[in-house]
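Okay, structure first, notes after.
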Amino acid sequence: MKTEYGRSLLEMVGVLAISGILAAAAFRTFQVIQTRQHRAIAEDQLRELANNAKILFSGRQSFSGISTNYLIKAGAIKHDRFRLGGPFTAMALPNTRDGIRSFEITVPDLSNSDCLYFATKRFDFVHSVKVNGFEQTPTSYCQPGTTNELTFIIR
């Protein structure tokens, strides 16, 4: 009687196929976890920026004079980069007759998925969101690619 040693080619291909499927699933899971973490960090940065700017300008009647450079020099933020997108800008919005004080934070170069996520996310400190300059139904204005710009109006 002849005894066989080793594995057949078919068994090896099966093992490689299963390994490939498991590796692809692990890679996709890692990407999802990484995206969630980047978004959570960006949310925290946005919240911190809004709160620090409100504290910094709390004794004033408006947010006039607010800018990214001013916030960095005053120590309200460390740099002008969010975890997602390009360098943000902060600027004051003119006061209206009813005395509403507000400013805006604009984040450029967001991907379509990040644009949709942040446009639909409800922040307690954000009054409204503009996507690529449009405020009504902002999710319909998110474009494919990384050319999206979100503007958060904060009061």
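Each chain in the structure tokens gets a letter, A, B, ..., in the order shown, and its residues are numbered from 1; ligands are numbered from 1 in order too.
Excluding Arg101 of chain A itself and same-chain residues fewer than 3 positions from it, the residues having an atom within 9 Å of it are A:Gln61, A:Ser62, A:Phe63, A:Ala92, A:Leu93, A:Pro94, A:Asn95, A:Thr96, A:Ile154, A:Arg155, counting only C-alpha atoms.
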Sorted by chain and rising residue number, which residues of segment 19-66 of chain A lie within 10 Å of segment 116-125 of chain A, and what are their closest atom pairs and distances in Å to one decimal, counting only C-alpha atoms, as a Markdown table?
| residue | atom | partner | partner_atom | distance |
| --- | --- | --- | --- | --- |
| A:Arg39 | CA | A:Phe118 | CA | 8.6 |
| A:Ala42 | CA | A:Phe118 | CA | 9.7 |
| A:Glu43 | CA | A:Phe118 | CA | 8.7 |
| A:Leu46 | CA | A:Phe125 | CA | 9.6 |
| A:Arg47 | CA | A:Phe125 | CA | 7.4 |
| A:Ala50 | CA | A:Phe125 | CA | 7.4 |
| A:Asn51 | CA | A:Phe125 | CA | 8.2 |
Now that the selection is made, can you save its residues with all heavy atoms as a compact mmCIF listing (two decimals), in the first residue's frame?
# COMPACT_ATOMS: atom_id res chain seq x y z
N ARG A 39 -13.30 60.73 11.69
CA ARG A 39 -14.50 61.58 11.82
C ARG A 39 -14.72 62.00 13.26
O ARG A 39 -15.09 63.14 13.53
CB ARG A 39 -15.72 60.85 11.27
CG ARG A 39 -15.71 60.76 9.76
CD ARG A 39 -16.89 60.00 9.24
NE ARG A 39 -16.87 59.96 7.78
CZ ARG A 39 -17.65 59.19 7.05
NH1 ARG A 39 -18.52 58.38 7.65
NH2 ARG A 39 -17.57 59.21 5.74
N ALA A 42 -12.28 64.72 14.00
CA ALA A 42 -12.69 65.96 13.34
C ALA A 42 -13.86 66.60 14.08
O ALA A 42 -13.91 67.83 14.23
CB ALA A 42 -13.05 65.69 11.89
N GLU A 43 -14.81 65.80 14.56
CA GLU A 43 -15.94 66.34 15.34
C GLU A 43 -15.43 67.01 16.61
O GLU A 43 -15.89 68.10 16.97
CB GLU A 43 -16.91 65.22 15.70
CG GLU A 43 -17.76 64.74 14.57
CD GLU A 43 -18.69 63.62 15.00
OE1 GLU A 43 -19.22 63.68 16.14
OE2 GLU A 43 -18.88 62.70 14.21
N LEU A 46 -13.79 70.31 15.76
CA LEU A 46 -14.79 71.33 15.44
C LEU A 46 -15.47 71.85 16.70
O LEU A 46 -15.63 73.05 16.89
CB LEU A 46 -15.83 70.75 14.47
CG LEU A 46 -16.90 71.70 13.98
CD1 LEU A 46 -16.29 72.83 13.16
CD2 LEU A 46 -17.92 70.94 13.14
N ARG A 47 -15.83 70.94 17.59
CA ARG A 47 -16.47 71.32 18.87
C ARG A 47 -15.52 72.17 19.71
O ARG A 47 -15.91 73.20 20.26
CB ARG A 47 -16.90 70.07 19.63
CG ARG A 47 -17.57 70.36 20.95
CD ARG A 47 -18.10 69.11 21.61
NE ARG A 47 -19.35 68.71 20.96
CZ ARG A 47 -19.49 67.67 20.13
NH1 ARG A 47 -18.47 66.89 19.86
NH2 ARG A 47 -20.65 67.39 19.59
N ALA A 50 -15.19 75.69 18.15
CA ALA A 50 -16.38 76.50 18.40
C ALA A 50 -16.45 76.97 19.85
O ALA A 50 -16.70 78.15 20.12
CB ALA A 50 -17.64 75.72 18.03
N ASN A 51 -16.22 76.06 20.78
CA ASN A 51 -16.28 76.43 22.20
C ASN A 51 -15.19 77.42 22.59
O ASN A 51 -15.45 78.39 23.31
CB ASN A 51 -16.20 75.18 23.07
CG ASN A 51 -17.45 74.33 23.00
OD1 ASN A 51 -18.53 74.83 22.67
ND2 ASN A 51 -17.30 73.07 23.28
Residues flagged alpha helix (DSSP H) by DSSP in chain A, as a PyMOL selection string: chain A and resi 9-56+68-73+112-120
Go ahead and save the residues from that selection, with C-alpha atoms, as a CSV table (one decimal), in the first residue's frame.
chain,number,residue,atom,x,y,z
A,9,LEU,CA,-2.6,21.5,-5.2
A,10,LEU,CA,-6.4,21.8,-4.8
A,11,GLU,CA,-6.0,21.9,-1.0
A,12,MET,CA,-3.4,24.6,-1.2
A,13,VAL,CA,-5.5,26.8,-3.5
A,14,GLY,CA,-8.5,26.4,-1.1
A,15,VAL,CA,-6.3,27.5,1.8
A,16,LEU,CA,-5.0,30.5,-0.2
A,17,ALA,CA,-8.6,31.5,-1.2
A,18,ILE,CA,-9.8,31.4,2.3
A,19,SER,CA,-6.8,33.4,3.5
A,20,GLY,CA,-7.4,36.0,0.8
A,21,ILE,CA,-11.1,36.4,1.8
A,22,LEU,CA,-10.2,36.8,5.5
A,23,ALA,CA,-7.5,39.3,4.7
A,24,ALA,CA,-9.8,41.4,2.5
A,25,ALA,CA,-12.5,41.4,5.2
A,26,ALA,CA,-9.9,42.4,7.8
A,27,PHE,CA,-8.6,45.2,5.6
A,28,ARG,CA,-12.2,46.6,5.0
A,29,THR,CA,-12.9,46.4,8.7
A,30,PHE,CA,-9.7,48.3,9.4
A,31,GLN,CA,-10.7,51.0,6.8
A,32,VAL,CA,-14.2,51.4,8.4
A,33,ILE,CA,-12.7,51.7,11.9
A,34,GLN,CA,-10.1,54.2,10.7
A,35,THR,CA,-12.8,56.4,9.0
A,36,ARG,CA,-14.9,56.4,12.1
A,37,GLN,CA,-11.9,57.5,14.2
A,38,HIS,CA,-10.9,60.3,11.8
A,39,ARG,CA,-14.5,61.6,11.8
A,40,ALA,CA,-14.7,61.4,15.6
A,41,ILE,CA,-11.4,63.4,15.9
A,42,ALA,CA,-12.7,66.0,13.3
A,43,GLU,CA,-15.9,66.3,15.3
A,44,ASP,CA,-14.0,66.9,18.5
A,45,GLN,CA,-11.7,69.5,16.8
A,46,LEU,CA,-14.8,71.3,15.4
A,47,ARG,CA,-16.5,71.3,18.9
A,48,GLU,CA,-13.3,72.5,20.6
A,49,LEU,CA,-12.8,75.3,18.0
A,50,ALA,CA,-16.4,76.5,18.4
A,51,ASN,CA,-16.3,76.4,22.2
A,52,ASN,CA,-12.9,78.1,22.4
A,53,ALA,CA,-13.9,80.9,20.0
A,54,LYS,CA,-17.1,81.5,22.0
A,55,ILE,CA,-15.1,81.7,25.2
A,56,LEU,CA,-12.5,84.0,23.6
A,68,THR,CA,-8.0,81.5,11.8
A,69,ASN,CA,-4.7,83.4,12.5
A,70,TYR,CA,-6.2,85.2,15.4
A,71,LEU,CA,-7.5,82.0,17.0
A,72,ILE,CA,-4.1,80.4,16.6
A,73,LYS,CA,-2.3,83.4,18.1
A,112,ASN,CA,-18.2,62.8,-0.9
A,113,SER,CA,-18.8,60.4,2.0
A,114,ASP,CA,-17.3,62.8,4.6
A,115,CYS,CA,-19.4,65.6,3.1
A,116,LEU,CA,-22.6,63.6,3.5
A,117,TYR,CA,-21.7,62.5,7.0
A,118,PHE,CA,-21.0,66.0,8.3
A,119,ALA,CA,-23.8,67.7,6.4
A,120,THR,CA,-26.4,65.3,8.0
Interatomic distance (Å, one decimal) between atom CA of Gly85 of chain A and atom CA of His127 of chain A: 20.9 Å
Mind checking DSSP for segment 7-103 of chain A and telling me the strand (DSSP E) residues as a PDB file with all heavy atoms, in the first residue's frame?
ATOM      1  N   THR A  89     -10.952  77.693   7.553  1.00  0.00           N
ATOM      2  CA  THR A  89     -10.924  79.135   7.804  1.00  0.00           C
ATOM      3  C   THR A  89     -12.071  79.485   8.743  1.00  0.00           C
ATOM      4  O   THR A  89     -13.117  78.856   8.722  1.00  0.00           O
ATOM      5  CB  THR A  89     -11.074  79.951   6.502  1.00  0.00           C
ATOM      6  OG1 THR A  89     -12.299  79.570   5.855  1.00  0.00           O
ATOM      7  CG2 THR A  89      -9.914  79.712   5.563  1.00  0.00           C
ATOM      8  N   ALA A  90     -11.842  80.480   9.564  1.00  0.00           N
ATOM      9  CA  ALA A  90     -12.880  80.984  10.461  1.00  0.00           C
ATOM     10  C   ALA A  90     -13.037  82.467  10.189  1.00  0.00           C
ATOM     11  O   ALA A  90     -12.046  83.184  10.032  1.00  0.00           O
ATOM     12  CB  ALA A  90     -12.478  80.760  11.922  1.00  0.00           C
ATOM     13  N   MET A  91     -14.285  82.922  10.095  1.00  0.00           N
ATOM     14  CA  MET A  91     -14.514  84.344   9.892  1.00  0.00           C
ATOM     15  C   MET A  91     -15.860  84.738  10.468  1.00  0.00           C
ATOM     16  O   MET A  91     -16.766  83.925  10.613  1.00  0.00           O
ATOM     17  CB  MET A  91     -14.434  84.721   8.417  1.00  0.00           C
ATOM     18  CG  MET A  91     -15.467  84.074   7.526  1.00  0.00           C
ATOM     19  SD  MET A  91     -15.221  84.515   5.815  1.00  0.00           S
ATOM     20  CE  MET A  91     -16.473  85.726   5.587  1.00  0.00           C
ATOM     21  N   ALA A  92     -15.971  86.010  10.823  1.00  0.00           N
ATOM     22  CA  ALA A  92     -17.185  86.531  11.443  1.00  0.00           C
ATOM     23  C   ALA A  92     -18.250  86.769  10.390  1.00  0.00           C
ATOM     24  O   ALA A  92     -17.953  87.073   9.243  1.00  0.00           O
ATOM     25  CB  ALA A  92     -16.882  87.832  12.174  1.00  0.00           C
ATOM     26  N   LEU A  93     -19.484  86.613  10.808  1.00  0.00           N
ATOM     27  CA  LEU A  93     -20.621  86.987   9.973  1.00  0.00           C
ATOM     28  C   LEU A  93     -21.161  88.292  10.533  1.00  0.00           C
ATOM     29  O   LEU A  93     -21.161  88.505  11.745  1.00  0.00           O
ATOM     30  CB  LEU A  93     -21.698  85.900  10.007  1.00  0.00           C
ATOM     31  CG  LEU A  93     -21.296  84.573   9.378  1.00  0.00           C
ATOM     32  CD1 LEU A  93     -22.370  83.531   9.604  1.00  0.00           C
ATOM     33  CD2 LEU A  93     -21.042  84.742   7.896  1.00  0.00           C
ATOM     34  N   SER A 102     -22.714  85.583  15.211  1.00  0.00           N
ATOM     35  CA  SER A 102     -22.356  84.286  14.643  1.00  0.00           C
ATOM     36  C   SER A 102     -21.057  84.383  13.858  1.00  0.00           C
ATOM     37  O   SER A 102     -20.624  85.460  13.475  1.00  0.00           O
ATOM     38  CB  SER A 102     -23.484  83.758  13.758  1.00  0.00           C
ATOM     39  OG  SER A 102     -23.787  84.673  12.740  1.00  0.00           O
ATOM     40  N   PHE A 103     -20.443  83.239  13.671  1.00  0.00           N
ATOM     41  CA  PHE A 103     -19.256  83.135  12.837  1.00  0.00           C
ATOM     42  C   PHE A 103     -19.333  81.818  12.091  1.00  0.00           C
ATOM     43  O   PHE A 103     -20.169  80.963  12.380  1.00  0.00           O
ATOM     44  CB  PHE A 103     -17.967  83.246  13.657  1.00  0.00           C
ATOM     45  CG  PHE A 103     -17.724  82.125  14.625  1.00  0.00           C
ATOM     46  CD1 PHE A 103     -16.868  81.095  14.305  1.00  0.00           C
ATOM     47  CD2 PHE A 103     -18.339  82.119  15.870  1.00  0.00           C
ATOM     48  CE1 PHE A 103     -16.625  80.077  15.206  1.00  0.00           C
ATOM     49  CE2 PHE A 103     -18.104  81.113  16.773  1.00  0.00           C
ATOM     50  CZ  PHE A 103     -17.247  80.072  16.443  1.00  0.00           C
TER      51      PHE A 103
END
Need the shell around segment 143-150 of chain A: protein/DNA/RNA residues with any atom at most 6 Å away, counting only C-alpha atoms. Skip same-chain ones fewer than 4 positions apart. Format as an mmCIF file with all heavy atoms, in the first residue's frame?
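New file result16.cif:
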data_model
loop_
_atom_site.group_PDB
_atom_site.id
_atom_site.type_symbol
_atom_site.label_atom_id
_atom_site.label_comp_id
_atom_site.auth_asym_id
_atom_site.auth_seq_id
_atom_site.Cartn_x
_atom_site.Cartn_y
_atom_site.Cartn_z
ATOM 1 N N THR A 106 -15.174 77.152 7.760
ATOM 2 C CA THR A 106 -15.260 76.521 6.448
ATOM 3 C C THR A 106 -14.144 75.496 6.309
ATOM 4 O O THR A 106 -12.975 75.806 6.545
ATOM 5 C CB THR A 106 -15.141 77.572 5.334
ATOM 6 O OG1 THR A 106 -16.184 78.536 5.520
ATOM 7 C CG2 THR A 106 -15.282 76.944 3.971
ATOM 8 N N VAL A 107 -14.526 74.275 5.934
ATOM 9 C CA VAL A 107 -13.567 73.183 5.737
ATOM 10 C C VAL A 107 -13.641 72.755 4.275
ATOM 11 O O VAL A 107 -14.675 72.258 3.832
ATOM 12 C CB VAL A 107 -13.879 71.988 6.657
ATOM 13 C CG1 VAL A 107 -12.844 70.884 6.474
ATOM 14 C CG2 VAL A 107 -13.966 72.411 8.100
ATOM 15 N N PRO A 108 -12.562 72.939 3.506
ATOM 16 C CA PRO A 108 -12.561 72.533 2.097
ATOM 17 C C PRO A 108 -12.028 71.111 1.906
ATOM 18 O O PRO A 108 -11.552 70.477 2.844
ATOM 19 C CB PRO A 108 -11.610 73.551 1.463
ATOM 20 C CG PRO A 108 -10.606 73.798 2.535
ATOM 21 C CD PRO A 108 -11.372 73.707 3.837
ATOM 22 N N ASP A 109 -12.111 70.649 0.684
ATOM 23 C CA ASP A 109 -11.478 69.405 0.238
ATOM 24 C C ASP A 109 -11.971 68.163 0.967
ATOM 25 O O ASP A 109 -11.185 67.283 1.324
ATOM 26 C CB ASP A 109 -9.950 69.486 0.362
ATOM 27 C CG ASP A 109 -9.362 70.667 -0.381
ATOM 28 O OD1 ASP A 109 -9.950 71.067 -1.401
ATOM 29 O OD2 ASP A 109 -8.331 71.198 0.054
ATOM 30 N N LEU A 110 -13.274 68.082 1.186
ATOM 31 C CA LEU A 110 -13.840 66.889 1.815
ATOM 32 C C LEU A 110 -14.291 65.894 0.753
ATOM 33 O O LEU A 110 -14.769 66.277 -0.315
ATOM 34 C CB LEU A 110 -15.035 67.263 2.692
ATOM 35 C CG LEU A 110 -14.717 68.017 3.963
ATOM 36 C CD1 LEU A 110 -15.987 68.525 4.610
ATOM 37 C CD2 LEU A 110 -13.947 67.154 4.937
ATOM 38 N N SER A 111 -14.171 64.617 1.066
ATOM 39 C CA SER A 111 -14.667 63.583 0.157
ATOM 40 C C SER A 111 -16.191 63.582 0.175
ATOM 41 O O SER A 111 -16.817 64.166 1.073
ATOM 42 C CB SER A 111 -14.138 62.213 0.572
ATOM 43 O OG SER A 111 -14.713 61.831 1.805
ATOM 44 N N ASN A 112 -16.782 62.904 -0.783
ATOM 45 C CA ASN A 112 -18.240 62.847 -0.865
ATOM 46 C C ASN A 112 -18.831 62.188 0.379
ATOM 47 O O ASN A 112 -19.808 62.677 0.946
ATOM 48 C CB ASN A 112 -18.663 62.092 -2.131
ATOM 49 C CG ASN A 112 -20.162 62.109 -2.340
ATOM 50 O OD1 ASN A 112 -20.820 63.094 -2.042
ATOM 51 N ND2 ASN A 112 -20.693 61.026 -2.843
ATOM 52 N N LYS A 130 -23.708 74.804 5.405
ATOM 53 C CA LYS A 130 -23.759 75.042 3.969
ATOM 54 C C LYS A 130 -22.827 74.048 3.288
ATOM 55 O O LYS A 130 -21.707 73.840 3.744
ATOM 56 C CB LYS A 130 -23.288 76.452 3.617
ATOM 57 C CG LYS A 130 -24.210 77.548 4.043
ATOM 58 C CD LYS A 130 -23.632 78.877 3.591
ATOM 59 C CE LYS A 130 -24.446 80.038 4.102
ATOM 60 N NZ LYS A 130 -23.832 81.314 3.714
ATOM 61 N N VAL A 131 -23.310 73.444 2.215
ATOM 62 C CA VAL A 131 -22.492 72.530 1.427
ATOM 63 C C VAL A 131 -22.259 73.172 0.072
ATOM 64 O O VAL A 131 -23.206 73.450 -0.657
ATOM 65 C CB VAL A 131 -23.182 71.166 1.253
ATOM 66 C CG1 VAL A 131 -22.353 70.257 0.355
ATOM 67 C CG2 VAL A 131 -23.429 70.526 2.597
ATOM 68 N N ASN A 132 -21.004 73.433 -0.223
ATOM 69 C CA ASN A 132 -20.639 74.070 -1.490
ATOM 70 C C ASN A 132 -21.439 75.349 -1.727
ATOM 71 O O ASN A 132 -21.837 75.660 -2.841
ATOM 72 C CB ASN A 132 -20.787 73.096 -2.651
ATOM 73 C CG ASN A 132 -19.857 71.912 -2.528
ATOM 74 O OD1 ASN A 132 -18.721 72.060 -2.106
ATOM 75 N ND2 ASN A 132 -20.337 70.733 -2.869
#
